[in-house]
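Peer 1: One structure follows; several queries about it will come next.
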Amino acid sequence: MIGTPQGGVISPILSNIYLDKFDWYMEKIIEEENTAVTSVRNPEYTHKKSLLRAYKGEERKKGYVELRTIKSTIRTGTRIYYVRYADD
């Protein structure tokens with residue numbers, strides 16, 4: 001038998017002791033890498049959407065179909081999420 005017994009009281013304590021340094025490391029990485037702005041509006045999307053106001057009928061429907069093929073935002077930054085999960 002290797003490790004701690006399942007369901008034991010000591011198991012989560014030892015896990016927390018072991019992973020504490022890793023939590024601090026991840027917190028440091030998150031502070032360094034996360035940016036305030038993670039995405040911005042796509043100017044091409046905004047322009048095409050503003051043009052749709054002038055269209056009528058079928059032309060407008062085709063414009064909306066074309067608009068769905070363009071991404072509305074552009075990813076510009078980084079967001080890191082860290083979740084520690086433990087189970088027996």
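Letters A, B, ... mark the chains of the structure tokens in the order given; residue numbers begin at 1 per chain; ligand numbers begin at 1, in order shown.
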Taking the DSSP secondary structure from the backbone, can you list the residues of chain A that are alpha helix (DSSP H), as a PyMOL selection string?
Peer 2: chain A and resi 10-33+43-51+57-67
Peer 1: As a PyMOL selection string, please: all residues of stretch 6-82 of chain A that backbone DSSP puts in strand (DSSP E or B).
Peer 2: chain A and resi 39-41+73-75
Peer 1: What's the separation between atom CA of A:Thr78 and atom CA of A:Asp23, in Å to one decimal place?
Peer 2: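 Pair atom CA of A:Thr78 / atom CA of A:Asp23 returns 19.0 Å.
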Peer 1: Select, from A:Lys62, A:Arg53, A:His47, A:Arg41, the residue with the minimum atom-to-atom distance to A:Thr76, counting only C-alpha atoms.
Peer 2: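 Looking at the shortest contact to A:Thr76, the residue is A:Arg41.
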Peer 1: Nearest to A:Asn34 among A:Ile80, A:Ile2, A:Leu14, A:Leu52, with distances taken over only C-alpha atoms: which residue is it?
Peer 2: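 Under the stated criterion, the closest residue is A:Ile80.
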Peer 1: Extract, using only C-alpha atoms, all DNA, RNA and protein residues at most 12 Å from A:Tyr64, discarding same-chain residues fewer than 4 positions from it, and format them as a list in words.
Peer 2: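 Listing them by chain and then by number gives Tyr45, Lys48, Lys49, Ser50, Leu51, Leu52, Arg53, Tyr55, Lys56, Gly57, Glu58, Glu59, Arg60, Arg68, Thr69 and Ile70 of chain A.
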Peer 1: Point out the residue among A:Arg79, A:Tyr85, A:Val65, A:Val9 with the least atom-to-atom distance to A:Glu32, counting only C-alpha atoms.
Peer 2: A:Arg79
Peer 1: With a distance cut-off of 12 Å and only C-alpha atoms, select the neighbouring residues of A:Ile74, excluding the residue or stretch itself and same-chain residues fewer than 5 positions from it, and output the selection as a list in words.
Peer 2: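 The filter keeps Val37, Thr38, Ser39, Val40, Arg41, Asn42, Pro43, Glu44, Tyr45 and Thr46 of chain A.
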Peer 1: Quote the spacing between atom CA of A:Glu31 and atom CA of A:Tyr81 in Å to one decimal place.
Peer 2: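 So the two atoms, atom CA of A:Glu31 and atom CA of A:Tyr81, lie 11.0 Å apart.
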Peer 1: Could you tell me how far atom CA of A:Val83 sits from atom CA of A:Glu33, in Å to one decimal place?
Peer 2: 16.3 Å
Peer 1: Using only C-alpha atoms for the distances, tell me which of A:Ile10, A:Ala54, A:Ala36, A:Leu19 is nearest to A:Gly77.
Peer 2: A:Ala36
